[in-house]
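Shown next: upload-v7.cif, containing mmCIF, C-alpha atoms and all ligand atoms.
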```cif
data_query
#
loop_
_atom_site.label_atom_id
_atom_site.label_comp_id
_atom_site.auth_asym_id
_atom_site.auth_seq_id
_atom_site.Cartn_x
_atom_site.Cartn_y
_atom_site.Cartn_z
CA LEU A 1 0.00 0.00 0.00
CA PRO A 2 1.33 3.45 -0.80
CA ASN A 3 1.80 6.05 1.88
CA GLN A 4 -1.54 7.65 2.63
CA SER A 5 -0.57 11.00 4.01
CA ASP A 6 -3.68 12.68 2.64
CA ASP A 7 -5.94 9.83 3.62
CA ILE A 8 -8.43 9.67 6.48
CA PRO A 9 -9.10 5.98 7.13
CA LEU A 10 -11.79 4.35 9.21
CA LEU A 11 -10.80 1.09 10.83
CA ALA A 12 -12.51 -1.83 12.54
CA LEU A 13 -11.13 -5.14 13.80
CA ASP A 14 -12.35 -8.64 14.50
CA ILE A 15 -9.74 -10.22 16.76
CA GLY A 16 -10.47 -13.94 16.73
CA GLY A 17 -8.83 -16.96 18.31
CA THR A 18 -6.79 -17.64 15.18
CA LEU A 19 -6.97 -14.61 12.92
CA ILE A 20 -7.37 -10.87 13.13
CA LYS A 21 -9.62 -9.54 10.40
CA LEU A 22 -9.24 -5.88 9.60
CA VAL A 23 -11.54 -3.70 7.50
CA TYR A 24 -10.67 -0.13 6.70
CA PHE A 25 -11.90 2.60 4.45
CA SER A 26 -9.59 4.99 2.68
CA ARG A 27 -10.46 7.91 0.49
CA ARG A 28 -7.77 6.91 -1.96
CA GLU A 29 -9.19 5.23 -5.05
CA ASP A 30 -7.50 1.89 -4.87
CA PRO A 31 -4.12 1.40 -3.23
CA LEU A 32 -3.79 -2.24 -4.25
CA ALA A 33 -4.33 -1.79 -7.94
CA ASP A 34 -1.39 -1.45 -10.28
CA ASP A 35 -1.24 1.57 -12.58
CA GLN A 36 -2.95 -0.17 -15.45
CA GLN A 37 -5.78 -1.44 -13.24
CA LYS A 38 -6.18 1.98 -11.66
CA ASN A 39 -7.30 3.39 -14.97
CA THR A 40 -9.82 0.69 -15.65
CA LEU A 41 -11.19 -0.14 -12.19
CA LYS A 42 -14.86 0.39 -11.69
CA GLU A 43 -16.84 0.82 -8.52
CA GLY A 44 -17.53 -2.55 -6.94
CA GLN A 45 -14.73 -4.29 -8.80
CA GLU A 46 -12.50 -6.07 -6.35
CA VAL A 47 -8.70 -6.17 -6.36
CA SER A 48 -7.02 -9.03 -4.56
CA ASN A 49 -3.42 -9.14 -3.45
CA GLY A 50 -2.52 -12.27 -1.46
CA SER A 51 -4.04 -11.90 1.98
CA SER A 52 -5.57 -8.49 1.32
CA ARG A 53 -8.40 -7.35 -0.88
CA SER A 54 -9.59 -3.93 -1.90
CA TYR A 55 -13.05 -3.02 -2.94
CA PRO A 56 -13.46 0.34 -4.68
CA ILE A 57 -16.64 2.15 -3.69
CA LYS A 58 -17.90 5.64 -4.21
CA GLY A 59 -15.53 8.11 -2.59
CA GLY A 60 -12.76 5.66 -1.76
CA CYS A 61 -11.94 2.08 -1.13
CA LEU A 62 -12.79 -0.62 1.43
CA HIS A 63 -9.86 -2.87 2.31
CA PHE A 64 -9.99 -6.35 3.84
CA LEU A 65 -6.88 -7.82 5.46
CA LYS A 66 -6.03 -10.60 7.86
CA PHE A 67 -3.20 -11.23 10.31
CA GLU A 68 -2.50 -14.19 12.55
CA THR A 69 -3.61 -13.42 16.10
CA ARG A 70 -0.40 -14.95 17.49
CA LYS A 71 1.49 -12.33 15.48
CA ILE A 72 -0.65 -9.44 16.67
CA ASN A 73 2.35 -7.12 16.68
CA GLU A 74 2.47 -7.34 12.87
CA CYS A 75 -1.11 -6.07 12.83
CA LEU A 76 -0.24 -3.24 15.20
CA ASP A 77 2.79 -2.32 13.07
CA PHE A 78 0.58 -2.23 9.99
CA ILE A 79 -2.02 0.00 11.67
CA ASP A 80 0.73 2.26 12.92
CA SER A 81 2.56 2.47 9.58
CA LYS A 82 -0.66 3.45 7.81
CA GLN A 83 -1.87 5.60 10.69
CA LEU A 84 -5.17 3.79 10.49
CA HIS A 85 -6.03 4.63 14.08
CA CYS A 86 -6.29 8.29 13.03
CA GLY A 87 -9.79 7.63 11.73
CA GLY A 88 -10.92 6.67 15.20
CA MET A 89 -9.44 9.84 16.61
CA HIS A 90 -11.17 12.02 14.09
CA ILE A 91 -14.47 10.42 14.79
CA TYR A 92 -14.01 10.86 18.49
CA LEU A 93 -13.02 14.47 18.18
CA ASP A 94 -15.80 15.10 15.79
CA THR A 95 -18.59 14.91 18.32
CA LEU A 96 -18.87 18.68 18.21
CA THR A 97 -18.74 18.83 14.44
CA SER A 98 -20.81 17.50 11.61
CA PHE A 99 -19.52 13.93 11.48
CA GLN A 100 -21.81 11.65 9.62
CA LEU A 101 -21.31 8.16 8.25
CA LYS A 102 -23.99 6.69 6.06
CA ILE A 103 -23.80 3.25 4.56
CA GLN A 104 -26.48 2.62 2.02
CA GLY A 105 -25.90 -0.13 -0.42
CA LEU A 106 -22.43 0.29 -1.79
CA PHE A 107 -22.51 3.99 -1.15
CA ILE A 108 -20.55 5.24 1.81
CA GLN A 109 -20.80 8.93 2.51
CA ILE A 110 -18.57 10.58 5.05
CA THR A 111 -18.97 14.19 5.99
CA TYR A 112 -16.91 15.92 8.61
CA THR A 113 -15.39 19.24 9.29
CA PHE A 114 -12.23 19.50 7.23
CA LEU A 115 -10.68 21.69 9.87
CA PHE A 116 -9.69 18.53 11.69
CA ILE A 117 -8.04 17.05 8.67
CA GLY A 118 -5.95 20.15 8.40
CA ILE A 119 -5.05 20.22 12.05
CA TYR A 120 -4.39 16.53 12.46
CA PRO A 121 -3.18 15.16 9.13
CA ARG A 122 -1.27 12.46 11.03
CA CYS A 123 -1.98 10.91 14.35
CA SER A 124 0.95 10.64 16.70
CA PHE A 125 0.99 8.30 19.64
CA GLU A 126 0.78 11.22 22.05
CA ALA A 127 -2.08 12.82 20.14
CA ALA A 128 -3.97 9.53 20.13
CA ARG A 129 -3.37 9.02 23.82
CA ASN A 130 -4.35 12.56 24.76
CA ASN A 131 -7.48 12.49 22.68
CA ASN A 132 -8.66 9.05 23.70
CA ALA A 133 -8.76 7.63 20.19
CA VAL A 134 -11.17 4.75 19.78
CA ILE A 135 -11.24 1.81 17.36
CA LYS A 136 -14.27 -0.42 17.00
CA ALA A 137 -13.37 -4.03 17.66
CA THR A 138 -15.12 -7.36 18.09
CA GLY A 139 -14.11 -10.98 18.81
CA GLY A 140 -12.58 -12.37 21.99
CA GLY A 141 -9.34 -10.46 21.42
CA ALA A 142 -11.19 -7.15 21.69
CA TYR A 143 -11.17 -7.84 25.44
CA MET A 144 -7.83 -9.60 25.68
CA TYR A 145 -5.68 -7.06 23.88
CA VAL A 146 -7.11 -3.81 25.27
CA ASN A 147 -3.88 -3.00 27.12
CA LEU A 148 -1.65 -3.85 24.18
CA PHE A 149 -3.51 -1.45 21.88
CA LYS A 150 -3.35 1.25 24.52
CA GLU A 151 0.35 0.74 25.11
CA ARG A 152 1.44 0.40 21.48
CA LEU A 153 -0.92 2.79 19.69
CA GLY A 154 -2.46 4.85 22.46
CA VAL A 155 -5.97 3.86 21.37
CA SER A 156 -8.90 2.31 23.20
CA LEU A 157 -10.85 -0.58 21.75
CA ASP A 158 -14.57 0.06 21.68
CA LYS A 159 -15.92 -3.46 22.05
CA GLU A 160 -18.87 -4.62 20.00
CA ASP A 161 -20.75 -7.86 20.60
CA GLU A 162 -19.43 -10.66 18.37
CA MET A 163 -22.80 -12.08 17.31
CA ASP A 164 -24.21 -8.60 16.71
CA CYS A 165 -21.33 -7.87 14.39
CA LEU A 166 -21.55 -11.18 12.51
CA VAL A 167 -25.24 -10.65 11.86
CA SER A 168 -25.04 -7.00 10.88
CA GLY A 169 -22.08 -7.78 8.59
CA ALA A 170 -24.02 -10.59 6.90
CA ASN A 171 -27.22 -8.53 6.59
CA PHE A 172 -25.30 -5.66 5.06
CA LEU A 173 -23.58 -7.86 2.49
CA LEU A 174 -26.73 -9.76 1.58
CA LYS A 175 -28.77 -6.60 1.13
CA ALA A 176 -26.23 -4.26 -0.38
CA ILE A 177 -23.82 -6.23 -2.51
CA ASP A 178 -24.86 -7.75 -5.81
CA HIS A 179 -23.52 -11.23 -6.39
CA GLU A 180 -22.58 -11.69 -2.75
CA ALA A 181 -24.27 -15.06 -2.20
CA PHE A 182 -23.63 -18.17 -4.26
CA THR A 183 -23.91 -21.94 -4.22
CA HIS A 184 -20.94 -24.20 -4.85
CA MET A 185 -21.57 -27.80 -5.79
CA ASP A 186 -19.30 -30.23 -7.67
CA GLY A 187 -16.94 -27.38 -8.51
CA GLN A 188 -19.73 -25.26 -10.02
CA LYS A 189 -20.29 -21.80 -8.60
CA GLU A 190 -23.67 -20.17 -9.17
CA PHE A 191 -24.63 -16.74 -7.88
CA VAL A 192 -27.95 -16.47 -6.09
CA GLN A 193 -30.07 -13.37 -6.47
CA ILE A 194 -31.24 -12.33 -3.02
CA ASP A 195 -34.36 -10.23 -2.71
CA LYS A 196 -33.44 -7.87 0.12
CA ASN A 197 -37.10 -7.50 1.03
CA ASP A 198 -37.41 -11.24 1.41
CA LEU A 199 -34.17 -12.11 3.18
CA PHE A 200 -35.38 -13.18 6.62
CA PRO A 201 -35.40 -15.57 8.34
CA TYR A 202 -32.20 -17.42 7.54
CA LEU A 203 -29.56 -19.52 9.28
CA LEU A 204 -26.04 -18.12 9.50
CA VAL A 205 -23.30 -20.65 10.15
CA ASN A 206 -20.02 -18.96 10.96
CA ILE A 207 -17.06 -21.32 10.80
CA GLY A 208 -14.08 -19.82 12.53
CA SER A 209 -11.86 -21.61 15.04
CA GLY A 210 -15.16 -22.93 16.42
CA VAL A 211 -18.64 -22.73 14.89
CA SER A 212 -21.58 -20.47 15.73
CA ILE A 213 -25.03 -21.15 14.33
CA ILE A 214 -27.35 -18.17 14.38
CA LYS A 215 -31.00 -17.86 13.44
CA VAL A 216 -31.42 -14.41 11.91
CA ASP A 217 -34.92 -12.94 11.89
CA GLY A 218 -34.16 -9.36 10.91
CA ASP A 219 -31.80 -6.45 11.40
CA GLY A 220 -30.61 -6.71 14.99
CA SER A 221 -33.00 -9.59 15.60
CA PHE A 222 -31.28 -12.95 15.99
CA GLN A 223 -30.58 -15.86 18.30
CA ARG A 224 -27.47 -18.02 18.56
CA VAL A 225 -29.25 -21.35 18.45
CA ASP A 226 -26.34 -23.74 18.30
CA GLY A 227 -22.66 -24.21 17.68
CA THR A 228 -19.94 -26.80 17.73
CA GLN A 229 -16.42 -26.79 19.00
CA ALA A 230 -15.29 -28.85 16.01
CA GLY A 231 -14.50 -26.08 13.54
CA GLY A 232 -11.67 -24.59 11.53
CA GLY A 233 -9.33 -24.65 14.52
CA THR A 234 -10.02 -28.36 14.93
CA TYR A 235 -9.11 -29.10 11.32
CA CYS A 236 -5.94 -27.08 11.65
CA GLY A 237 -4.94 -28.29 15.12
CA GLN A 238 -5.70 -31.96 14.56
CA GLY A 239 -4.12 -31.83 11.10
CA MET A 240 -0.96 -30.37 12.56
CA LEU A 241 -0.81 -32.95 15.35
CA LEU A 242 -1.25 -35.88 12.99
CA THR A 243 1.35 -34.61 10.55
CA GLY A 244 4.05 -33.58 13.00
CA CYS A 245 3.08 -29.88 13.12
CA LYS A 246 4.80 -29.25 9.80
CA TYR A 247 2.07 -27.50 7.92
CA SER A 248 0.06 -24.30 7.98
CA PHE A 249 -3.66 -24.21 7.23
CA ASP A 250 -3.04 -23.43 3.56
CA GLU A 251 -0.53 -26.25 3.24
CA LEU A 252 -2.85 -28.75 4.90
CA LEU A 253 -5.60 -27.76 2.52
CA GLU A 254 -3.27 -28.05 -0.44
CA LEU A 255 -2.26 -31.55 0.73
CA SER A 256 -5.90 -32.61 0.96
CA GLN A 257 -6.32 -31.93 -2.77
CA ARG A 258 -4.01 -34.86 -3.48
CA GLY A 259 -5.45 -37.12 -0.80
CA ASP A 260 -7.50 -40.31 -0.95
CA ASN A 261 -9.71 -40.63 2.10
CA LYS A 262 -10.65 -44.23 1.25
CA LEU A 263 -7.30 -45.26 2.68
CA ILE A 264 -8.26 -43.95 6.11
CA ASP A 265 -12.04 -43.69 6.33
CA LEU A 266 -14.19 -46.77 6.68
CA LEU A 267 -16.73 -46.69 3.87
CA VAL A 268 -20.16 -48.30 3.92
CA GLY A 269 -18.97 -50.62 1.15
CA ASP A 270 -15.99 -51.74 3.26
CA ILE A 271 -18.33 -53.24 5.84
CA ASP A 272 -20.25 -55.49 3.48
CA GLY A 273 -19.55 -54.94 -0.19
CA LYS A 274 -22.48 -57.07 -1.32
CA MET A 275 -25.29 -55.45 0.63
CA ASP A 276 -27.79 -53.18 -1.19
CA TYR A 277 -27.34 -49.98 0.81
CA SER A 278 -29.61 -47.92 -1.39
CA LYS A 279 -32.57 -49.29 0.64
CA ILE A 280 -31.33 -47.27 3.61
CA GLY A 281 -30.38 -44.28 1.50
CA LEU A 282 -26.65 -44.95 1.44
CA SER A 283 -24.17 -45.77 -1.27
CA ALA A 284 -21.12 -48.00 -0.92
CA SER A 285 -18.88 -44.94 -1.05
CA THR A 286 -20.58 -43.17 1.89
CA ILE A 287 -18.23 -42.70 4.83
CA ALA A 288 -19.43 -44.99 7.61
CA SER A 289 -16.71 -43.97 10.04
CA SER A 290 -14.20 -41.18 9.62
CA PHE A 291 -10.71 -42.57 10.30
CA GLY A 292 -12.42 -45.92 10.97
CA LYS A 293 -10.16 -47.95 8.69
CA VAL A 294 -7.14 -47.18 10.85
CA VAL A 295 -8.59 -49.23 13.71
CA SER A 296 -8.30 -52.57 11.97
CA GLU A 297 -4.85 -51.90 10.53
CA LYS A 298 -1.58 -52.52 12.26
CA ARG A 299 0.27 -49.57 10.83
CA GLU A 300 2.19 -46.75 12.37
CA LEU A 301 1.40 -43.07 12.02
CA LYS A 302 4.35 -42.59 9.68
CA ASP A 303 2.79 -45.14 7.27
CA TYR A 304 -0.16 -42.86 6.57
CA ARG A 305 0.19 -40.23 3.89
CA HIS A 306 -0.32 -36.66 5.05
CA GLU A 307 -2.45 -36.01 1.98
CA ASP A 308 -4.93 -38.75 3.02
CA ILE A 309 -5.00 -37.67 6.66
CA SER A 310 -5.73 -34.09 5.66
CA LEU A 311 -8.56 -35.05 3.31
CA SER A 312 -10.19 -37.38 5.87
CA LEU A 313 -10.05 -34.64 8.48
CA LEU A 314 -11.40 -32.01 6.14
CA ARG A 315 -14.33 -34.23 5.19
CA MET A 316 -15.05 -35.18 8.78
CA ILE A 317 -15.15 -31.58 9.98
CA SER A 318 -16.99 -30.16 6.96
CA TYR A 319 -19.60 -32.93 6.76
CA ASN A 320 -20.27 -32.61 10.45
CA ILE A 321 -20.80 -28.86 10.26
CA GLY A 322 -23.02 -29.25 7.18
CA HIS A 323 -25.05 -31.90 9.04
CA ILE A 324 -25.51 -29.82 12.21
CA ALA A 325 -26.44 -26.80 10.10
CA TYR A 326 -29.06 -28.78 8.22
CA LEU A 327 -30.56 -30.12 11.47
CA ASN A 328 -30.87 -26.61 12.86
CA ALA A 329 -32.47 -25.37 9.65
CA LYS A 330 -34.95 -28.22 9.96
CA ILE A 331 -35.70 -27.58 13.63
CA TYR A 332 -36.41 -23.90 12.99
CA GLY A 333 -38.07 -24.39 9.60
CA LEU A 334 -35.50 -22.27 7.75
CA LYS A 335 -35.10 -22.54 4.03
CA ARG A 336 -31.85 -20.65 3.65
CA ILE A 337 -28.48 -21.53 5.13
CA PHE A 338 -25.54 -19.17 4.63
CA PHE A 339 -22.04 -20.23 5.60
CA GLY A 340 -19.36 -17.71 6.56
CA GLY A 341 -16.12 -17.60 8.54
CA TYR A 342 -12.50 -17.67 7.49
CA PHE A 343 -12.45 -21.50 7.35
CA ILE A 344 -14.36 -21.28 4.08
CA ARG A 345 -12.48 -18.37 2.54
CA GLY A 346 -13.67 -19.28 -0.92
CA HIS A 347 -11.95 -22.70 -0.87
CA ALA A 348 -13.78 -24.79 -3.47
CA CYS A 349 -13.13 -28.14 -1.79
CA ILE A 350 -14.53 -26.95 1.56
CA MET A 351 -17.62 -25.43 -0.05
CA ASP A 352 -18.22 -28.57 -2.13
CA THR A 353 -18.00 -30.78 0.95
CA ILE A 354 -20.38 -28.63 2.99
CA SER A 355 -22.77 -28.42 0.03
CA TYR A 356 -22.68 -32.17 -0.36
CA ALA A 357 -23.50 -32.65 3.32
CA VAL A 358 -26.48 -30.27 3.20
CA ASP A 359 -27.72 -31.79 -0.05
CA PHE A 360 -27.29 -35.35 1.23
CA ARG A 361 -28.96 -34.75 4.59
CA SER A 362 -31.85 -32.72 3.15
CA LYS A 363 -32.28 -35.16 0.27
CA GLY A 364 -31.74 -32.31 -2.16
CA ALA A 365 -34.33 -30.00 -0.59
CA GLU A 366 -31.80 -27.42 0.70
CA LYS A 367 -28.70 -25.87 -0.73
CA ALA A 368 -25.78 -24.43 1.19
CA MET A 369 -25.01 -20.84 0.26
CA PHE A 370 -21.76 -19.00 0.68
CA LEU A 371 -20.73 -15.37 0.85
CA ARG A 372 -17.98 -13.71 -1.11
CA HIS A 373 -16.72 -11.82 1.94
CA ASP A 374 -17.20 -14.84 4.18
CA GLY A 375 -14.24 -14.25 6.50
CA PHE A 376 -15.02 -10.63 7.25
CA LEU A 377 -18.59 -10.64 8.57
CA GLY A 378 -17.60 -9.69 12.13
CA ALA A 379 -15.11 -7.03 11.07
CA LEU A 380 -17.63 -5.49 8.68
CA GLY A 381 -20.25 -5.49 11.43
CA ALA A 382 -17.81 -3.69 13.76
CA PHE A 383 -17.01 -1.24 10.98
CA MET A 384 -20.67 -0.49 10.51
CA SER A 385 -21.21 0.04 14.21
CA TYR A 386 -19.54 3.47 13.84
CA GLU A 387 -22.92 4.41 12.42
CA LYS A 388 -24.62 3.88 15.80
P1 LIG B 401 -11.54 -16.82 14.54
O1 LIG B 401 -12.32 -15.52 14.56
O2 LIG B 401 -11.94 -17.79 15.59
O3 LIG B 401 -10.07 -16.60 14.44
P2 LIG B 401 -11.87 -17.17 11.68
O4 LIG B 401 -13.21 -16.88 11.07
O5 LIG B 401 -10.81 -16.16 11.49
O6 LIG B 401 -12.03 -17.54 13.20
O7 LIG B 401 -11.38 -18.56 11.09
C1 LIG B 401 -10.21 -19.19 11.57
C2 LIG B 401 -10.05 -20.47 10.79
O8 LIG B 401 -9.83 -20.15 9.42
C3 LIG B 401 -8.82 -21.28 11.19
O9 LIG B 401 -9.12 -22.13 12.28
C4 LIG B 401 -8.52 -22.07 9.93
O10 LIG B 401 -9.27 -23.26 9.90
C5 LIG B 401 -9.05 -21.16 8.82
N1 LIG B 401 -8.04 -20.46 8.02
C6 LIG B 401 -8.23 -20.06 6.74
N2 LIG B 401 -7.16 -19.44 6.25
C7 LIG B 401 -6.24 -19.43 7.25
C8 LIG B 401 -4.92 -18.93 7.35
N3 LIG B 401 -4.30 -18.35 6.31
N4 LIG B 401 -4.28 -19.06 8.53
C9 LIG B 401 -4.88 -19.66 9.58
N5 LIG B 401 -6.13 -20.18 9.52
C10 LIG B 401 -6.81 -20.07 8.38
#
```
Could you write out this structure as structure tokens?
Amino acid sequence: LPNQSDDIPLLALDIGGTLIKLVYFSRREDPLADDQQKNTLKEGQEVSNGSSRSYPIKGGCLHFLKFETRKINECLDFIDSKQLHCGGMHIYLDTLTSFQLKIQGLFIQITYTFLFIGIYPRCSFEAARNNNAVIKATGGGAYMYVNLFKERLGVSLDKEDEMDCLVSGANFLLKAIDHEAFTHMDGQKEFVQIDKNDLFPYLLVNIGSGVSIIKVDGDGSFQRVDGTQAGGGTYCGQGMLLTGCKYSFDELLELSQRGDNKLIDLLVGDIDGKMDYSKIGLSASTIASSFGKVVSEKRELKDYRHEDISLSLLRMISYNIGHIAYLNAKIYGLKRIFFGGYFIRGHACIMDTISYAVDFRSKGAEKAMFLRHDGFLGALGAFMSYEK
């Protein structure tokens, strides 16, 4: 990102158990785009650059970035280097002026007295400390790292409820962004047109380190109805343990692409190859027991390929979440299930597995839907809470 000396950013954070998600607005057109793209970029057209994405909107650009929570100092360095905490200070100071933030559809309008921009073009640590700068933050880390933010950046974290933020982030995306929701089945992605007047109720399944399942009835009206501790952190943690802690999440996922889970999972057909399982709605290739084949084999851990272990784990976790989601949708009579959280992050194999689970359990009656900004629901919700 280029230096943004003339920029007044707005920043919000979702500090989770594994990842910090950061959303900020800058008035610059599009810091991630190269010169050629800059000339051709249109509003709403996204630019992606490794772990960060920029989304040009009227009057500036929304940026989405992630950092590992265990490396929180990298996140603080980034905020400091870009002076992103200035936005919080300006908002705070602006109580006597005409500050106004409106988010309507893709249109973000910010009005404030430019006097402040002139007086405080940069935000020093001392200035932030003296003026009680505030950044909106959600997730467990919003409580845990209060002192660190104060010490390193001189800012306070204004904590927003995690579920509130997830829901308001999802509602905003589903109502305001065209082509936000899509299905993903057998490698095929299909966008779903959402009628914003007919959005509720729906089930939101957020797969982060753990999983939250939320019944959403309207703006600000929701209930966390279920959850499971077997989520993205479980896939990562268990995958690392079983493979000697060699791989990151991305590497584990990459390994799974070359895996064969039949070598580890016990399939229905393995139990009795001759039986007609279709009578009970199963096929011979259905997994009867994840990792079940290992039990009857006298092999050592080193004899199992990491690729196969990773795929078995991925299927076990994803099928389970898809199954629990479907059951909740059934209990509450919900027709729509949206999946979010950084575990999904647009990974085709994860979406296909979850879709298969929902399709299989609902006998084709329901389809899993995914969101393009799946990992940033909480951070977006915190960002939008400046409006309150
Ligand atoms: P939390 O808020 O609990 O940190 P997230 O929604 O950020 O949850 O999701 C964290 C999960 O995302 C991890 O447990 C892991 O399964 C998955 N994940 C996806 N990409 C990455 C990555 N680059 N690094 C670590 N975990 C990742």
Report as a tab-separated table the residues of chain A within 7 Å of ligand LIG 401 (chain B), each with its shortest atom pair and distance in Å (one decimal), using all atoms listed in the file, ordered by chain and increasing residue number.
```
residue	atom	partner	partner_atom	distance
A:Asp14	CA	B:LIG401	O1	6.9
A:Ile15	CA	B:LIG401	O1	6.3
A:Gly16	CA	B:LIG401	O1	3.3
A:Gly17	CA	B:LIG401	O3	4.1
A:Thr18	CA	B:LIG401	O3	3.5
A:Leu19	CA	B:LIG401	O3	4.0
A:Ile20	CA	B:LIG401	O3	6.5
A:Lys21	CA	B:LIG401	O5	6.8
A:Glu68	CA	B:LIG401	N4	6.6
A:Gly139	CA	B:LIG401	O1	6.5
A:Ile207	CA	B:LIG401	O4	5.9
A:Gly208	CA	B:LIG401	O6	3.1
A:Ser209	CA	B:LIG401	O2	3.9
A:Gly210	CA	B:LIG401	O2	6.1
A:Gly231	CA	B:LIG401	O9	6.8
A:Gly232	CA	B:LIG401	O10	3.2
A:Gly233	CA	B:LIG401	O9	3.4
A:Thr234	CA	B:LIG401	O9	6.8
A:Tyr235	CA	B:LIG401	O10	6.0
A:Cys236	CA	B:LIG401	O10	5.4
A:Ser248	CA	B:LIG401	N4	6.8
A:Phe249	CA	B:LIG401	N5	5.3
A:Asp250	CA	B:LIG401	N3	5.9
A:Gly341	CA	B:LIG401	O4	3.9
A:Tyr342	CA	B:LIG401	O4	3.7
A:Phe343	CA	B:LIG401	O8	3.6
A:Ile344	CA	B:LIG401	C6	6.8
A:Arg345	CA	B:LIG401	C6	6.2
A:Gly375	CA	B:LIG401	O4	5.4
```
Go ahead and save the residues from that selection, with C-alpha atoms, as a compact mmCIF listing (two decimals), keeping the file's coordinate frame.
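Saved as again_11.txt:
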```txt
# COMPACT_ATOMS: atom_id res chain seq x y z
CA ASP A 14 -12.35 -8.64 14.50
CA ILE A 15 -9.74 -10.22 16.76
CA GLY A 16 -10.47 -13.94 16.73
CA GLY A 17 -8.83 -16.96 18.31
CA THR A 18 -6.79 -17.64 15.18
CA LEU A 19 -6.97 -14.61 12.92
CA ILE A 20 -7.37 -10.87 13.13
CA LYS A 21 -9.62 -9.54 10.40
CA GLU A 68 -2.50 -14.19 12.55
CA GLY A 139 -14.11 -10.98 18.81
CA ILE A 207 -17.06 -21.32 10.80
CA GLY A 208 -14.08 -19.82 12.53
CA SER A 209 -11.86 -21.61 15.04
CA GLY A 210 -15.16 -22.93 16.42
CA GLY A 231 -14.50 -26.08 13.54
CA GLY A 232 -11.67 -24.59 11.53
CA GLY A 233 -9.33 -24.65 14.52
CA THR A 234 -10.02 -28.36 14.93
CA TYR A 235 -9.11 -29.10 11.32
CA CYS A 236 -5.94 -27.08 11.65
CA SER A 248 0.06 -24.30 7.98
CA PHE A 249 -3.66 -24.21 7.23
CA ASP A 250 -3.04 -23.43 3.56
CA GLY A 341 -16.12 -17.60 8.54
CA TYR A 342 -12.50 -17.67 7.49
CA PHE A 343 -12.45 -21.50 7.35
CA ILE A 344 -14.36 -21.28 4.08
CA ARG A 345 -12.48 -18.37 2.54
CA GLY A 375 -14.24 -14.25 6.50
```
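For the pair CA of Pro201 (chain A) and CA of Glu160 (chain A), the interatomic distance is 23.0 Å.
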### Task
Find the residue from A:Leu10, A:Leu173, A:Ala365, A:Ala284 that sits nearest to Lys262 (chain A); use only C-alpha atoms when measuring.
A:Ala284
### All residues 8 Å or closer to Leu65 (chain A), all atoms listed in the file, same chain fewer than 6 positions away omitted, as a VMD selection string
chain A and resid 21 to 23 51 to 53
#### Entry: Among the residues A:Ala379, A:Ala170, A:Cys165, A:Ile214, the one that comes closest to Leu199 (chain A) [using only C-alpha atoms]
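Among the listed residues, A:Ala170 lies closest to Leu199 (chain A).
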Missing atoms in region 306-314 of chain A: fill them in up to N, CA, C and O atoms and send the result as a PDB file, in the frame of the given file.
```pdb
ATOM      1  N   HIS A 306       0.245 -37.907   4.521  1.00  0.00           N
ATOM      2  CA  HIS A 306      -0.320 -36.660   5.050  1.00  0.00           C
ATOM      3  C   HIS A 306      -1.472 -36.163   4.189  1.00  0.00           C
ATOM      4  O   HIS A 306      -2.432 -35.574   4.683  1.00  0.00           O
ATOM      5  N   GLU A 307      -1.379 -36.424   2.910  1.00  0.00           N
ATOM      6  CA  GLU A 307      -2.450 -36.010   1.980  1.00  0.00           C
ATOM      7  C   GLU A 307      -3.771 -36.672   2.384  1.00  0.00           C
ATOM      8  O   GLU A 307      -4.816 -36.022   2.423  1.00  0.00           O
ATOM      9  N   ASP A 308      -3.703 -37.995   2.690  1.00  0.00           N
ATOM     10  CA  ASP A 308      -4.930 -38.750   3.020  1.00  0.00           C
ATOM     11  C   ASP A 308      -5.482 -38.324   4.381  1.00  0.00           C
ATOM     12  O   ASP A 308      -6.695 -38.182   4.558  1.00  0.00           O
ATOM     13  N   ILE A 309      -4.568 -38.112   5.318  1.00  0.00           N
ATOM     14  CA  ILE A 309      -5.000 -37.670   6.660  1.00  0.00           C
ATOM     15  C   ILE A 309      -5.730 -36.336   6.548  1.00  0.00           C
ATOM     16  O   ILE A 309      -6.811 -36.135   7.107  1.00  0.00           O
ATOM     17  N   SER A 310      -5.150 -35.423   5.774  1.00  0.00           N
ATOM     18  CA  SER A 310      -5.730 -34.090   5.660  1.00  0.00           C
ATOM     19  C   SER A 310      -7.117 -34.147   5.018  1.00  0.00           C
ATOM     20  O   SER A 310      -8.048 -33.466   5.464  1.00  0.00           O
ATOM     21  N   LEU A 311      -7.253 -34.967   3.974  1.00  0.00           N
ATOM     22  CA  LEU A 311      -8.560 -35.050   3.310  1.00  0.00           C
ATOM     23  C   LEU A 311      -9.612 -35.678   4.233  1.00  0.00           C
ATOM     24  O   LEU A 311     -10.755 -35.210   4.309  1.00  0.00           O
ATOM     25  N   SER A 312      -9.226 -36.736   4.952  1.00  0.00           N
ATOM     26  CA  SER A 312     -10.190 -37.380   5.870  1.00  0.00           C
ATOM     27  C   SER A 312     -10.662 -36.384   6.924  1.00  0.00           C
ATOM     28  O   SER A 312     -11.861 -36.311   7.247  1.00  0.00           O
ATOM     29  N   LEU A 313      -9.710 -35.641   7.445  1.00  0.00           N
ATOM     30  CA  LEU A 313     -10.050 -34.640   8.480  1.00  0.00           C
ATOM     31  C   LEU A 313     -10.979 -33.568   7.925  1.00  0.00           C
ATOM     32  O   LEU A 313     -11.972 -33.197   8.549  1.00  0.00           O
ATOM     33  N   LEU A 314     -10.609 -33.083   6.750  1.00  0.00           N
ATOM     34  CA  LEU A 314     -11.400 -32.010   6.140  1.00  0.00           C
ATOM     35  C   LEU A 314     -12.837 -32.466   5.916  1.00  0.00           C
ATOM     36  O   LEU A 314     -13.797 -31.745   6.196  1.00  0.00           O
TER      37      LEU A 314
END
```
